[in-house]
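Enquirer: Structure provided below as structure tokens; questions to follow.
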Amino acid sequence: MLFNTIDFVVFFVIVLTSITIIKHRKFQHLFLLSVSYFFFYYSSNYLIVLLIASTILDFYIGKEIWNTKDITKKKILLIASLAGNLGLLGFFKYADFAILQFNFLGNYFDLATNIPLLNLALPIGISFYTFQTISYTVDIYRGKLEPSRSMAEFALFVSFFPQLVAGPIVRASEFLPQLREKIGDSKIGTKLRQITIEEKNLKLGITIMAFGFLKKMFFADNISPFVNEIFTNPIGHESLTIILATIGFGIQIYADFSGYSDIAIGAALILGFKLPMNFNKPYFATSPSDFWKRWHISLSSWLRDYLYIPLGGNKKSKNRTYLNLMTVMFLGGLWHGASWNFVIWGVLHGVYLAIHKLMSDRFPKVASNSFFKSKIGKIISVIVMQYLVFLAWIPFRVSDIDHILYSIQKYVLFDFQISGVMNLNSLHKISIGLMVIFLVLNYVSYKKYNLHEIIYRLKTSYWVLFLTTVMVLIVFFFDGNPEDFIYFRF
Amino acid sequence: MIKKIVLSVFVAFVMTFTIFLLFQLTLQNEIYSIQKDFYSQNFEHQSKKIFLIGSSHVGQINATHIEEYVSKKSQAYEVYNLADTADKPKSRLNSLNKIISLKPDVVVYGIGYRDFTEPEKMLKENILPNPQSIFERIFSIELYGINTEFFENPKLNTLKILQGIIGIKTLVSDSIFEENTPFYPYHKTKTDIIVKQSEIQENDFHVEKLILKPNIENTQVQALNKIISELEKNNIKVIIFITPHNKFYRDSLSVDTKEGFNLLISKLAQNHNIKIFNFIDSYDNLEIWRSTNHISHNPKSSIYSEDIAKIIVEELNN
């Protein structure tokens with residue numbers, strides 16, 4: 001089910017009404033589990049079997065890992081969990097990609113390999129929920145987490161509808177305690193938590209959701225026609241046009257994905273659940289490592305904890321650290337989809353991180369120079385960093401290799417032509433205008449750190465005005481076709 | 001306090017849709033002025049007219065080209081392409097009386113799969129019951145006889161309103177209208193030709209799964225039948241053709257949909273005793289496409305207009 005459809009609005013209103021009516025705690029939790037499965041089933045139909053299979057597998061493996069004292073058995077169980085989850089992910093997401101590469105290599109070496117493609121339907125959200133279940137078993141294996149007390153609770157953690165399809169990737173250690181009653185400030189009780197809709201959560205949640213809808217339906221969906229026009233066939237376009245389209249895509253994907261995260265966080269908050277923040281003004285990052293602390297935070301922290309650190313992180317040799325960074329970003333890129341585009345994107349970010357680390361190691365005095373802490377130094381760092389971030393968006397967005405090379409060449413080597421862009425400006429006033437407005441608002445939200453909180457604290461009449469304005473902008477600029485969220489594909 | 005918040009959201013909803021409806025209803029004349037201008041003009045009584053109607057699949061046909069060809073091979077006609085984006089027989093029915101009032105001699109109607117189907121995204125096959133289609137059936141406002149014209153693309157209407165207020169002609173990027181193609185706007189992208197099949201597919205990332213309803217339930221078929229009957233009743237010659245669809249698009253359709261479509265077409269030909277010209281797979285190997293179901297509006301794609309001109313001449317000479 002797409003968040004940006006009337007279907008979701010009706011669904012969510014029914015869920016909220018029902019959860020208010022149901023008073024019994026256990027029934028409330030079971031109801032939430034049922035509607036989460038329904039949410040998934042609504043658009044994924046029989047593929048819900050995979051979600052259930054993954055849940056059952058990790059629930060029992062997690063329990064067994066916890067109960068056994070034998071280290072070897074623990075390891076075998078963990079490997080079984082990883083094999084099950086990654087096998088599922090690999091088969092459904094990467095099988096055809098692997099077959100294509102195999103056929104290509106076979107033909108290259110005249111082996112006449114021609115394995116037919118499987119043409120499997122990609123299960124929505126599989127990259128997200130498999131990462132959640134992996135973190136669960138790994139945390140139990142590491143002794144950081146107690147297994148879930150009941151299958152229903154674990155199933156709700158895996159399938160909780162607001163974040164099921166495109167994250168944020170939630171850890172069991174963050175979510176499971178929220179199902180239980182709190183005793184004091186830090187202790188968790190044994191009783192299930194009563195799900196109540198509280199005034200603050202409701203108002204703040206609606207505010208966050210409104211921002212999410214605005215980002216996705218007003219900004220991202222209205223900037224995309226301009227981006228699509230250029231990147232469908234960028235050959236022949238001037239540097240300035242390519243740069244504008246690249247910036248457009250950078251804004252589109254940020255508005256699209258952070259919009260989704262906002263809706264997920266807001267919807268969960270209304271139900272009394274706190275999901276982790278997924279974005280923190282990424283386009284104000286001053287370095288590659290800073291960028292990854294701000295962009296898709298739940299994924300980058302997952303990769304750090306479950307991939308980078310197990311590989312040795314920065315605890316081994318310097319060369320090994322650089323290699324680890326590259327490996328993590330390569331796999332992080334591949335996680336996005338079975339395509340070389342995402343691999344190139346990931347590798348580019350890996351190179352940025354490795355070079356940044358190398359420079360910091362080699363020239364520690366430069367890195368700590370007071371210039372980079374000054375206002376002008378920070379501005380320059382942000383501009384340089386964003387130039388590199390946006391450069392990496394080109395292979396992410398453009399599929400054809402000739403088109404990628406052409407776009408990168410035009411992006412890097414400025415051709416000082418402006419006639420084409422003037423014509424384009426006149427055809428895409430709305431998209432370009434929205435890009436400017438988004439950048440201004442992004443700057444305002446950077447300065448006024450918690451815009452959600454500010455809007456939430458408005459007097460009711462102003463708050464109604466805010467909601468009306470958001471809705472008017474969305475409705476008046478809706479082209480009749482709700483666009484999928486970009487990250488639904490991953 | 002929670003009640004206050006819920007009430008606030010409700011008020012915001014009501015205000016939004018009141019503003020929306022007020023805008024759309026008050027400015028409807030402004031929005032649809034181009035159409036009104038066309039239908040209210042005085043055509044010379046003597047001139048013979050051919051109207052092409054249909055969706056964007058017909059929009060690419062060059063009316064000038066057809067006019068020249070037909071005038072050379074048959075007799076002088078004024079040709080107008082009245083195609084409209086996302087047009088379907090039911091929506092065309094709304095302007096049928098206006099079309100008839102202009103007394104065209106021939107109406108050429110281009111139809112395709114989308115004219116009779118409902119889109120359903122997501123999975124290729126649903127093994128289990130599909131709640132999405134049940135929801136769509138329940139909440140379809142068309143079902144309750146409500147006019148959905150301005151719900152179909154509020155953005156286009158908003159831009160037209162803004163264009164009128166601000167006076168910037170090119171605010172609507174698709175606003176270059178040709179005189180003899182008054183409803184189907186052109187801009188640069190519609191002249192693009194995409195050579196690689198993979199790019200054509202990528203361009204239509206969300207290829208819809210189309211479901212063809214059985215004939216008896218299909219309100220679009222009923223509307224088309226009515227259109228043909230009304231035109232014939234007014235002594236207007238009707239020529240029907242099936243618009244070209246790229247192989248990738250056709251392959252993405254289920255066997256049921258394709259068979260259902262073929263059945264509808266043969267029944268249509270039988271009921272009205274007319275020949276239906278089929279271009280569905282005519283241009284598979286030609287580099288003239290801009291998407292999986294749209295020929296490019298490009299001089300290199302003139303074969304499409306030529307073929308339509310030929311069937312018109314063939315029918316006129318019969």
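Identifiers for the structure tokens are assigned positionally: chains receive A, B, ... in sequence, residues are indexed from 1 per chain, and ligands are indexed from 1 in the order shown.
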Restrict the distance test to only C-alpha atoms, flag each residue of chain A within 9 Å of chain B, and return the flagged residues as a PyMOL selection string.

Expert: chain A and resi 1+7+41-46+121-122+197-200+202-203+206+228-229+232-233+399-400+426-430+460-461+463-469+471-472+475-481+484

Enquirer: Just the residues within 12 Å of Asn278 (chain A), please, counting only C-alpha atoms, with nothing from its chain fewer than 6 positions along; format it as a tab-separated table (two decimals) with C-alpha atoms, in the first residue's frame.

Expert:
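File part_36.tsv, as written:
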```tsv
chain	number	residue	atom	x	y	z
A	163	GLN	CA	8.31	1.15	8.43
A	166	ALA	CA	11.08	1.29	3.15
A	167	GLY	CA	12.37	1.71	6.66
A	168	PRO	CA	13.78	3.25	8.78
A	169	ILE	CA	15.54	-0.04	9.55
A	170	VAL	CA	14.64	-0.54	13.20
A	254	TYR	CA	15.92	13.37	-0.69
A	257	PHE	CA	12.88	9.17	0.73
A	258	SER	CA	12.94	11.50	3.71
A	259	GLY	CA	9.26	12.18	2.98
A	260	TYR	CA	8.57	8.45	3.28
A	261	SER	CA	10.59	8.29	6.51
A	262	ASP	CA	8.67	11.26	7.93
A	263	ILE	CA	5.32	9.62	7.17
A	264	ALA	CA	6.55	6.36	8.74
A	265	ILE	CA	7.92	8.11	11.84
A	292	TRP	CA	26.74	9.12	6.11
A	293	LYS	CA	25.88	10.22	9.63
A	294	ARG	CA	23.08	12.29	8.08
A	295	TRP	CA	21.82	10.28	5.07
A	296	HIS	CA	19.76	7.10	5.50
A	297	ILE	CA	21.10	6.89	9.04
A	298	SER	CA	19.39	3.60	9.88
A	299	LEU	CA	21.12	1.89	6.92
A	300	SER	CA	24.53	3.47	7.44
A	301	SER	CA	24.53	2.62	11.15
A	302	TRP	CA	23.40	-0.92	10.29
```

Enquirer: Which polymer residues have any atom within 10 Å of an atom of Phe59 (chain A), counting only C-alpha atoms, with same-chain residues fewer than 2 positions away left out, as a list in words?

Expert: Ala53, Ser54, Thr55, Ile56, Leu57, Ile61, Gly62, Lys63, Glu64, Ser81, Thr133, Tyr136, Thr137, Pro147, Ser148, Arg149, Ser150, Met151, Ala152, Glu153, Phe154 and Ala155 of chain A

Enquirer: Do a neighbour search on Val384 (chain A) at 10 Å with only C-alpha atoms, toss out local chain neighbours closer than 6 positions, and write the hits as a compact mmCIF listing (two decimals) with N, CA and C atoms, in the first residue's frame.

Expert:
```txt
# COMPACT_ATOMS: atom_id res chain seq x y z
N ALA A 285 26.24 18.32 5.01
CA ALA A 285 27.39 17.54 5.49
C ALA A 285 28.68 18.21 5.01
N THR A 286 29.69 18.15 5.86
CA THR A 286 30.96 18.80 5.51
C THR A 286 32.04 17.80 5.07
N SER A 287 31.74 16.51 5.23
CA SER A 287 32.72 15.48 4.81
C SER A 287 31.95 14.20 4.49
N LYS A 378 33.52 26.11 6.66
CA LYS A 378 32.40 25.15 6.67
C LYS A 378 31.60 25.25 5.37
```

Enquirer: Skip region 313-315 of chain B itself and residues of its chain fewer than 4 positions away, then list as a short mmCIF file (atom, residue, chain, number, x, y, z; two decimals) with N, CA, C and O atoms, in the first residue's frame all residues within 10 Å of it, counting only C-alpha atoms.

Expert:
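Result written to part.cif:
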```cif
data_model
loop_
_atom_site.label_atom_id
_atom_site.label_comp_id
_atom_site.auth_asym_id
_atom_site.auth_seq_id
_atom_site.Cartn_x
_atom_site.Cartn_y
_atom_site.Cartn_z
N ILE B 66 -2.17 14.75 -43.00
CA ILE B 66 -3.35 14.01 -43.50
C ILE B 66 -4.17 14.88 -44.44
O ILE B 66 -4.62 14.44 -45.50
N TYR B 69 -2.50 14.95 -47.81
CA TYR B 69 -2.57 13.67 -48.49
C TYR B 69 -3.98 13.41 -49.02
O TYR B 69 -4.17 13.05 -50.18
N VAL B 70 -4.97 13.60 -48.12
CA VAL B 70 -6.36 13.31 -48.51
C VAL B 70 -6.81 14.25 -49.63
O VAL B 70 -7.46 13.83 -50.60
N SER B 71 -6.44 15.52 -49.52
CA SER B 71 -6.85 16.49 -50.55
C SER B 71 -6.24 16.12 -51.90
O SER B 71 -6.85 16.33 -52.95
N LYS B 72 -5.04 15.57 -51.87
CA LYS B 72 -4.38 15.19 -53.12
C LYS B 72 -5.01 13.92 -53.70
O LYS B 72 -5.24 13.83 -54.89
N LYS B 73 -5.29 12.95 -52.84
CA LYS B 73 -5.76 11.65 -53.33
C LYS B 73 -7.28 11.55 -53.45
O LYS B 73 -7.79 10.68 -54.14
N SER B 74 -8.00 12.42 -52.76
CA SER B 74 -9.46 12.33 -52.82
C SER B 74 -10.02 13.71 -53.15
O SER B 74 -9.95 14.15 -54.28
N GLN B 75 -10.53 14.39 -52.16
CA GLN B 75 -10.98 15.78 -52.37
C GLN B 75 -10.60 16.64 -51.16
O GLN B 75 -10.15 16.11 -50.15
N VAL B 106 -16.43 13.08 -41.66
CA VAL B 106 -15.83 11.80 -41.23
C VAL B 106 -15.27 11.98 -39.82
O VAL B 106 -14.66 13.00 -39.50
N LYS B 237 -19.57 9.65 -41.33
CA LYS B 237 -18.88 8.38 -41.56
C LYS B 237 -17.88 8.11 -40.43
O LYS B 237 -17.13 8.99 -40.02
N VAL B 238 -17.90 6.88 -39.94
CA VAL B 238 -17.00 6.54 -38.82
C VAL B 238 -15.93 5.55 -39.30
O VAL B 238 -16.25 4.54 -39.92
N ILE B 239 -14.69 5.89 -39.02
CA ILE B 239 -13.58 4.97 -39.33
C ILE B 239 -12.90 4.65 -38.00
O ILE B 239 -12.54 5.56 -37.25
N LYS B 275 -15.42 -1.84 -40.88
CA LYS B 275 -14.10 -2.46 -40.90
C LYS B 275 -13.24 -1.75 -39.85
O LYS B 275 -13.24 -0.52 -39.78
N ASP B 307 -0.11 6.29 -42.89
CA ASP B 307 -0.98 5.11 -42.86
C ASP B 307 -2.42 5.48 -42.53
O ASP B 307 -3.36 4.92 -43.09
N ILE B 308 -2.57 6.42 -41.61
CA ILE B 308 -3.94 6.85 -41.25
C ILE B 308 -4.57 7.57 -42.45
O ILE B 308 -5.75 7.36 -42.76
N ALA B 309 -3.75 8.38 -43.12
CA ALA B 309 -4.26 9.10 -44.30
C ALA B 309 -4.71 8.09 -45.36
O ALA B 309 -5.77 8.28 -45.99
#
```

Enquirer: Taking into account only C-alpha atoms, which residue in the set A:Val158, A:Leu244, A:Ala112, A:Val49 is nearest to Gly433 (chain A)?

Expert: A:Leu244

Enquirer: Would you mind listing what lies within 10 Å of Tyr446 (chain A) as a list of chain:residue names, with only C-alpha atoms counted and same-chain residues fewer than 4 positions away left out?

Expert: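 Those residues are A:Asn280, A:Lys281, A:Pro282, A:Tyr283, A:Phe284, A:Val440, A:Leu441, A:Asn442, A:Asn450, A:Leu451.
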
Enquirer: Would you write out those residues with all heavy atoms, as an mmCIF file, in the first residue's frame?

Expert:
```cif
data_model
loop_
_atom_site.group_PDB
_atom_site.id
_atom_site.type_symbol
_atom_site.label_atom_id
_atom_site.label_comp_id
_atom_site.auth_asym_id
_atom_site.auth_seq_id
_atom_site.Cartn_x
_atom_site.Cartn_y
_atom_site.Cartn_z
ATOM 1 N N ASN A 280 19.229 13.661 8.619
ATOM 2 C CA ASN A 280 19.511 14.837 9.429
ATOM 3 C C ASN A 280 20.244 15.880 8.584
ATOM 4 O O ASN A 280 21.451 16.007 8.672
ATOM 5 C CB ASN A 280 20.337 14.421 10.659
ATOM 6 C CG ASN A 280 20.620 15.588 11.576
ATOM 7 O OD1 ASN A 280 19.921 16.598 11.533
ATOM 8 N ND2 ASN A 280 21.662 15.465 12.385
ATOM 9 N N LYS A 281 19.503 16.575 7.737
ATOM 10 C CA LYS A 281 20.045 17.618 6.848
ATOM 11 C C LYS A 281 21.298 17.130 6.114
ATOM 12 O O LYS A 281 22.370 17.717 6.255
ATOM 13 C CB LYS A 281 20.371 18.899 7.635
ATOM 14 C CG LYS A 281 19.435 19.244 8.781
ATOM 15 C CD LYS A 281 18.128 19.767 8.301
ATOM 16 C CE LYS A 281 17.132 20.083 9.368
ATOM 17 N NZ LYS A 281 16.966 19.238 10.523
ATOM 18 N N PRO A 282 21.171 16.084 5.329
ATOM 19 C CA PRO A 282 22.363 15.488 4.699
ATOM 20 C C PRO A 282 23.103 16.445 3.767
ATOM 21 O O PRO A 282 24.317 16.320 3.593
ATOM 22 C CB PRO A 282 21.798 14.310 3.910
ATOM 23 C CG PRO A 282 20.349 14.601 3.751
ATOM 24 C CD PRO A 282 19.945 15.384 4.946
ATOM 25 N N TYR A 283 22.358 17.388 3.162
ATOM 26 C CA TYR A 283 23.033 18.277 2.199
ATOM 27 C C TYR A 283 23.778 19.422 2.891
ATOM 28 O O TYR A 283 24.222 20.354 2.225
ATOM 29 C CB TYR A 283 22.038 18.781 1.152
ATOM 30 C CG TYR A 283 21.552 17.658 0.237
ATOM 31 C CD1 TYR A 283 20.276 17.672 -0.320
ATOM 32 C CD2 TYR A 283 22.370 16.575 -0.067
ATOM 33 C CE1 TYR A 283 19.835 16.642 -1.139
ATOM 34 C CE2 TYR A 283 21.936 15.538 -0.883
ATOM 35 C CZ TYR A 283 20.673 15.579 -1.419
ATOM 36 O OH TYR A 283 20.243 14.548 -2.238
ATOM 37 N N PHE A 284 23.909 19.310 4.208
ATOM 38 C CA PHE A 284 24.776 20.253 4.926
ATOM 39 C C PHE A 284 25.989 19.521 5.511
ATOM 40 O O PHE A 284 26.675 20.045 6.383
ATOM 41 C CB PHE A 284 23.996 20.981 6.029
ATOM 42 C CG PHE A 284 23.015 21.969 5.468
ATOM 43 C CD1 PHE A 284 21.688 21.629 5.292
ATOM 44 C CD2 PHE A 284 23.431 23.236 5.064
ATOM 45 C CE1 PHE A 284 20.777 22.522 4.732
ATOM 46 C CE2 PHE A 284 22.534 24.134 4.506
ATOM 47 C CZ PHE A 284 21.202 23.779 4.342
ATOM 48 N N VAL A 440 15.651 26.638 -0.209
ATOM 49 C CA VAL A 440 15.477 27.698 0.796
ATOM 50 C C VAL A 440 14.890 27.103 2.078
ATOM 51 O O VAL A 440 15.392 27.335 3.182
ATOM 52 C CB VAL A 440 14.567 28.832 0.252
ATOM 53 C CG1 VAL A 440 14.210 29.819 1.345
ATOM 54 C CG2 VAL A 440 15.246 29.544 -0.918
ATOM 55 N N LEU A 441 13.836 26.284 1.921
ATOM 56 C CA LEU A 441 13.212 25.663 3.093
ATOM 57 C C LEU A 441 14.173 24.737 3.825
ATOM 58 O O LEU A 441 14.174 24.652 5.048
ATOM 59 C CB LEU A 441 11.960 24.880 2.679
ATOM 60 C CG LEU A 441 10.751 25.710 2.260
ATOM 61 C CD1 LEU A 441 9.608 24.803 1.828
ATOM 62 C CD2 LEU A 441 10.278 26.609 3.397
ATOM 63 N N ASN A 442 14.995 24.057 3.039
ATOM 64 C CA ASN A 442 15.986 23.164 3.625
ATOM 65 C C ASN A 442 16.968 23.961 4.484
ATOM 66 O O ASN A 442 17.354 23.535 5.576
ATOM 67 C CB ASN A 442 16.727 22.444 2.487
ATOM 68 C CG ASN A 442 17.416 21.185 2.961
ATOM 69 O OD1 ASN A 442 16.966 20.540 3.900
ATOM 70 N ND2 ASN A 442 18.508 20.843 2.319
ATOM 71 N N ASN A 450 14.597 22.234 14.845
ATOM 72 C CA ASN A 450 13.456 21.326 14.892
ATOM 73 C C ASN A 450 12.174 22.004 14.417
ATOM 74 O O ASN A 450 11.358 22.469 15.212
ATOM 75 C CB ASN A 450 13.283 20.770 16.298
ATOM 76 C CG ASN A 450 12.522 19.462 16.262
ATOM 77 O OD1 ASN A 450 11.811 19.198 15.295
ATOM 78 N ND2 ASN A 450 12.670 18.665 17.301
ATOM 79 N N LEU A 451 12.014 22.021 13.114
ATOM 80 C CA LEU A 451 10.850 22.671 12.512
ATOM 81 C C LEU A 451 9.552 21.957 12.901
ATOM 82 O O LEU A 451 8.522 22.600 13.105
ATOM 83 C CB LEU A 451 11.021 22.675 10.987
ATOM 84 C CG LEU A 451 10.379 23.805 10.202
ATOM 85 C CD1 LEU A 451 10.804 25.157 10.726
ATOM 86 C CD2 LEU A 451 10.726 23.688 8.724
#
```

Enquirer: Just how far from CA of Ile383 (chain A) is CA of Ile418 (chain A), in Å to one decimal?

Expert: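 Atom-to-atom, CA of Ile418 (chain A) to CA of Ile383 (chain A), that is 22.0 Å.
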
Enquirer: Hey, can you check how far CA of Asn225 (chain B) sits from CA of Ser101 (chain B)?

Expert: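 Taking CA of Asn225 (chain B) as the start and CA of Ser101 (chain B) as the end point, the length is 19.0 Å.
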
Enquirer: Where in region 234-462 of chain A does DSSP assign helix (DSSP H, G or I), given as a ChimeraX atom specification?

Expert: /A:239-270,282-284,288-292,297-308,318-336,340-362,364-367,370-373,375-397,401-412,419-427,429-447,451-456,460-462

Enquirer: Show which residues sit within 8 Å of His245 (chain B), as a list in words. Count only C-alpha atoms, and ignore same-chain residues fewer than 6 positions away.

Expert: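 My list of contacting residues is Ile280, Asp281, Thr292, Asn293 and His294 of chain B.
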
Enquirer: Would you mind reading off the distance between CA of Phe248 (chain B) and CA of Leu120 (chain A), one decimal, in Å?

Expert: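 CA of Phe248 (chain B) sits 17.2 Å away from CA of Leu120 (chain A).
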
Enquirer: For Tyr406 (chain A), which residue among A:Ile76, A:Leu86, A:Ile394, A:Ile247 is the nearest when counting only C-alpha atoms?

Expert: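 That would be A:Ile394, the residue with the smallest distance to Tyr406 (chain A).
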